[in-house]
Every structure is written in C-alpha cells, then in structure tokens.
Amino acid sequence: LKNRSYLNLNIYSWDENVIFPQSVVVLDLNHIKEVNDKLGREAGDEIIKKTASILINNQLENTDIIRSGGDEFLIYMVGYEEKKVSDYTKRLVKLMKDIPNSLGVEIGYSMITDEVKTVDDAINEAILMMMKNKEKRK
C-alpha cells in the first residue's frame, strides 16, 4: 500500500483534478490497541495485514489506497457517484467482519463534486463521519 508520504506528496495535485465526482474514504480499525494488549502485537499486525489485503483485492479502478496511520487507511476515488461509494464502503465493512480477532472497522466518506471543496476538506469531513459512526456503535 501507499503510505502517508505518498498522500502528502499528492494531496495538492489531486486538488487540481477536474474530473468529478471524487471521494475520500477513511477507514479506522476498531480497538486495535486492545487487541495488541490482549493478544499481542502479532495479532494486531495480522489484522492490519488482512485489512490491507481486503482493500487491495477489492480495489476499484481510478483509486489510490493509502495506509495513513497505524490503524487508519484512506481511499481516494475518482469518477464514482455517491451510491457506488456508499455500496463499496458497506461491502468493505462486511468483508472485514470476517477477519479473525478483529473488532471491525468504522468508515466515513466525503464527496467532492466541484472545485470549491479541497481533498483536505473531504478528508476532514470523512473523519467526522467515521467518528459519528463510531459513536453510534457505542
């Protein structure tokens, strides 16, 4: 997977993209610290690897998948309507429920439909949506 450095190098060039819609999907693994504490870092690492594998095996055209943090991933998508993005995120959540020892994921996304909203704005909106989804599950 691409990493945070790739994101930092490309985020501003993505703002120059005039193909719409674009979207940003943010994915956060639930309670990975607890898994690490109870089962060891190897178990946590295995969850991260299996998550990455699911993302790679289900990658759509015109997308970039980035591991943006220890247990966080970001997907930048170009040319997908909101229904497709929503269906895609639901499919990812479903696939990740089967990862052994995993406590699931939370996902948020944001659509960019014009040149006014930046990718950075979309990342922040996607994070807020993901955090709201986490709160709903508590």
# chains A, B, ... in the order shown; residues from 1 in each chain; ligands from 1

call {"tool": "residues_around", "arguments": {"residues": "Glu34 of chain A", "least_positions_apart": "5", "cutoff": "10 Å", "atoms": "only C-alpha atoms", "output": "PyMOL selection string"}}
result
chain A and resi 39-41+44+103

call {"tool": "select_by_dssp", "arguments": {"residues": "chain A", "states": "alpha helix (DSSP H)", "output": "PyMOL selection string"}}
result
chain A and resi 4-15+32-39+41-57+82-96+119-137

call {"tool": "closest_atom_pairs", "arguments": {"of": "segment 95-125 of chain A", "to": "segment 69-85 of chain A", "cutoff": "9 Å", "atoms": "only C-alpha atoms", "output": "CSV"}}
result
residue,atom,partner,partner_atom,distance
A:Tyr109,CA,A:Val85,CA,8.0
A:Ser110,CA,A:Glu82,CA,8.8
A:Met111,CA,A:Glu82,CA,6.9
A:Val119,CA,A:Tyr76,CA,8.8
A:Ile123,CA,A:Leu74,CA,8.4

call {"tool": "atom_distance", "arguments": {"atom1": "atom CA of Lys50 of chain A", "atom2": "atom CA of Asp120 of chain A"}}
result
27.3 Å

call {"tool": "atom_distance", "arguments": {"atom1": "atom CA of Glu106 of chain A", "atom2": "atom CA of Asn58 of chain A"}}
result
17.1 Å

call {"tool": "closest_residue", "arguments": {"among": "A:Ser102, A:Asn36, A:Thr89, A:Ser68", "to": "Thr51 of chain A", "atoms": "only C-alpha atoms"}}
result
A:Ser102

call {"tool": "closest_residue", "arguments": {"among": "A:Val25, A:Lys38, A:Tyr6, A:Asn62", "to": "Lys90 of chain A", "atoms": "only C-alpha atoms"}}
result
A:Val25

call {"tool": "atom_distance", "arguments": {"atom1": "atom CA of Asp45 of chain A", "atom2": "atom CA of Asp98 of chain A"}}
result
15.7 Å

call {"tool": "closest_residue", "arguments": {"among": "A:Ile107, A:Asn8, A:Tyr88, A:Thr113", "to": "Leu27 of chain A", "atoms": "only C-alpha atoms"}}
result
A:Ile107

call {"tool": "closest_residue", "arguments": {"among": "A:Ile112, A:Val105, A:Ser23, A:Ile66", "to": "Ser5 of chain A", "atoms": "only C-alpha atoms"}}
result
A:Ile66

call {"tool": "closest_residue", "arguments": {"among": "A:Ile65, A:Ile99, A:Val26, A:Leu1", "to": "Ala43 of chain A", "atoms": "only C-alpha atoms"}}
result
A:Ile99

call {"tool": "select_by_dssp", "arguments": {"residues": "segment 24-62 of chain A", "states": "strand (DSSP E)", "output": "PDB file with N, CA, C and O atoms, in the first residue's frame"}}
result
ATOM      1  N   VAL A  24     -13.334  10.762  -0.881  1.00  0.00           N
ATOM      2  CA  VAL A  24     -12.317  10.319   0.066  1.00  0.00           C
ATOM      3  C   VAL A  24     -13.021   9.410   1.068  1.00  0.00           C
ATOM      4  O   VAL A  24     -14.045   9.787   1.643  1.00  0.00           O
ATOM      5  N   VAL A  25     -12.477   8.215   1.236  1.00  0.00           N
ATOM      6  CA  VAL A  25     -12.985   7.253   2.201  1.00  0.00           C
ATOM      7  C   VAL A  25     -11.923   7.103   3.286  1.00  0.00           C
ATOM      8  O   VAL A  25     -10.743   6.935   2.982  1.00  0.00           O
ATOM      9  N   VAL A  26     -12.339   7.181   4.539  1.00  0.00           N
ATOM     10  CA  VAL A  26     -11.436   6.989   5.667  1.00  0.00           C
ATOM     11  C   VAL A  26     -11.912   5.749   6.423  1.00  0.00           C
ATOM     12  O   VAL A  26     -13.103   5.613   6.722  1.00  0.00           O
ATOM     13  N   LEU A  27     -10.977   4.859   6.714  1.00  0.00           N
ATOM     14  CA  LEU A  27     -11.277   3.601   7.386  1.00  0.00           C
ATOM     15  C   LEU A  27     -10.405   3.489   8.624  1.00  0.00           C
ATOM     16  O   LEU A  27      -9.200   3.709   8.546  1.00  0.00           O
ATOM     17  N   ASP A  28     -11.011   3.169   9.759  1.00  0.00           N
ATOM     18  CA  ASP A  28     -10.287   3.059  11.021  1.00  0.00           C
ATOM     19  C   ASP A  28     -10.608   1.708  11.654  1.00  0.00           C
ATOM     20  O   ASP A  28     -11.783   1.359  11.820  1.00  0.00           O
ATOM     21  N   LEU A  29      -9.576   0.952  11.995  1.00  0.00           N
ATOM     22  CA  LEU A  29      -9.769  -0.339  12.667  1.00  0.00           C
ATOM     23  C   LEU A  29     -10.197  -0.093  14.107  1.00  0.00           C
ATOM     24  O   LEU A  29      -9.595   0.717  14.815  1.00  0.00           O
TER      25      LEU A  29
END

call {"tool": "closest_residue", "arguments": {"among": "A:Ala122, A:Lys134, A:Asn3, A:Leu92", "to": "Leu60 of chain A", "atoms": "only C-alpha atoms"}}
result
A:Leu92

call {"tool": "decode", "arguments": {"residues": "segment 56-79 of chain A", "atoms": "N, CA, C and O atoms", "output": "compact mmCIF listing (two decimals), in the first residue's frame"}}
result
# COMPACT_ATOMS: atom_id res chain seq x y z
N ILE A 56 -6.76 -4.20 -1.08
CA ILE A 56 -6.07 -4.41 -2.36
C ILE A 56 -6.90 -5.31 -3.28
O ILE A 56 -7.07 -5.02 -4.47
N ASN A 57 -7.43 -6.39 -2.73
CA ASN A 57 -8.19 -7.35 -3.55
C ASN A 57 -9.54 -6.80 -4.00
O ASN A 57 -10.16 -7.37 -4.91
N ASN A 58 -9.99 -5.73 -3.40
CA ASN A 58 -11.28 -5.12 -3.77
C ASN A 58 -11.11 -3.70 -4.30
O ASN A 58 -12.08 -2.94 -4.34
N GLN A 59 -9.90 -3.36 -4.70
CA GLN A 59 -9.63 -2.01 -5.19
C GLN A 59 -10.35 -1.77 -6.51
O GLN A 59 -10.36 -2.63 -7.40
N LEU A 60 -10.95 -0.62 -6.63
CA LEU A 60 -11.63 -0.20 -7.86
C LEU A 60 -10.66 0.59 -8.73
O LEU A 60 -9.67 1.14 -8.23
N GLU A 61 -10.96 0.66 -10.02
CA GLU A 61 -10.15 1.48 -10.93
C GLU A 61 -10.21 2.94 -10.50
O GLU A 61 -11.19 3.38 -9.91
N ASN A 62 -9.18 3.68 -10.84
CA ASN A 62 -9.10 5.12 -10.55
C ASN A 62 -9.19 5.41 -9.05
O ASN A 62 -9.87 6.35 -8.63
N THR A 63 -8.51 4.58 -8.26
CA THR A 63 -8.46 4.81 -6.82
C THR A 63 -7.03 4.64 -6.33
O THR A 63 -6.23 3.94 -6.95
N ASP A 64 -6.73 5.30 -5.24
CA ASP A 64 -5.47 5.13 -4.52
C ASP A 64 -5.82 4.69 -3.11
O ASP A 64 -6.68 5.30 -2.46
N ILE A 65 -5.14 3.65 -2.62
CA ILE A 65 -5.33 3.18 -1.25
C ILE A 65 -4.06 3.49 -0.48
O ILE A 65 -2.95 3.15 -0.91
N ILE A 66 -4.23 4.13 0.65
CA ILE A 66 -3.10 4.62 1.44
C ILE A 66 -3.26 4.17 2.88
O ILE A 66 -4.35 4.30 3.45
N ARG A 67 -2.20 3.66 3.45
CA ARG A 67 -2.19 3.44 4.90
C ARG A 67 -1.71 4.75 5.51
O ARG A 67 -0.54 5.09 5.47
N SER A 68 -2.66 5.50 6.06
CA SER A 68 -2.37 6.85 6.51
C SER A 68 -1.90 6.92 7.95
O SER A 68 -1.38 7.93 8.39
N GLY A 69 -2.08 5.83 8.69
CA GLY A 69 -1.63 5.77 10.08
C GLY A 69 -1.55 4.32 10.50
O GLY A 69 -1.78 3.41 9.70
N GLY A 70 -1.24 4.08 11.75
CA GLY A 70 -1.08 2.73 12.24
C GLY A 70 -2.27 1.83 11.96
O GLY A 70 -2.13 0.72 11.47
N ASP A 71 -3.47 2.30 12.27
CA ASP A 71 -4.68 1.51 12.05
C ASP A 71 -5.69 2.26 11.18
O ASP A 71 -6.88 2.01 11.25
N GLU A 72 -5.19 3.18 10.36
CA GLU A 72 -6.05 4.01 9.54
C GLU A 72 -5.65 3.90 8.07
O GLU A 72 -4.46 3.84 7.73
N PHE A 73 -6.67 3.88 7.23
CA PHE A 73 -6.48 3.81 5.79
C PHE A 73 -7.32 4.89 5.13
O PHE A 73 -8.35 5.30 5.66
N LEU A 74 -6.87 5.33 3.97
CA LEU A 74 -7.59 6.34 3.20
C LEU A 74 -7.67 5.86 1.76
O LEU A 74 -6.69 5.31 1.24
N ILE A 75 -8.83 6.04 1.15
CA ILE A 75 -9.00 5.70 -0.26
C ILE A 75 -9.45 6.96 -0.99
O ILE A 75 -10.46 7.58 -0.61
N TYR A 76 -8.70 7.33 -2.01
CA TYR A 76 -9.06 8.46 -2.87
C TYR A 76 -9.65 7.88 -4.15
O TYR A 76 -9.02 7.04 -4.80
N MET A 77 -10.86 8.30 -4.49
CA MET A 77 -11.59 7.73 -5.61
C MET A 77 -11.98 8.82 -6.60
O MET A 77 -12.40 9.91 -6.19
N VAL A 78 -11.85 8.52 -7.88
CA VAL A 78 -12.21 9.48 -8.92
C VAL A 78 -13.24 8.86 -9.86
O VAL A 78 -13.04 7.75 -10.38
N GLY A 79 -14.36 9.58 -10.05
CA GLY A 79 -15.34 9.19 -11.05
C GLY A 79 -16.45 8.28 -10.55
O GLY A 79 -17.18 7.69 -11.35
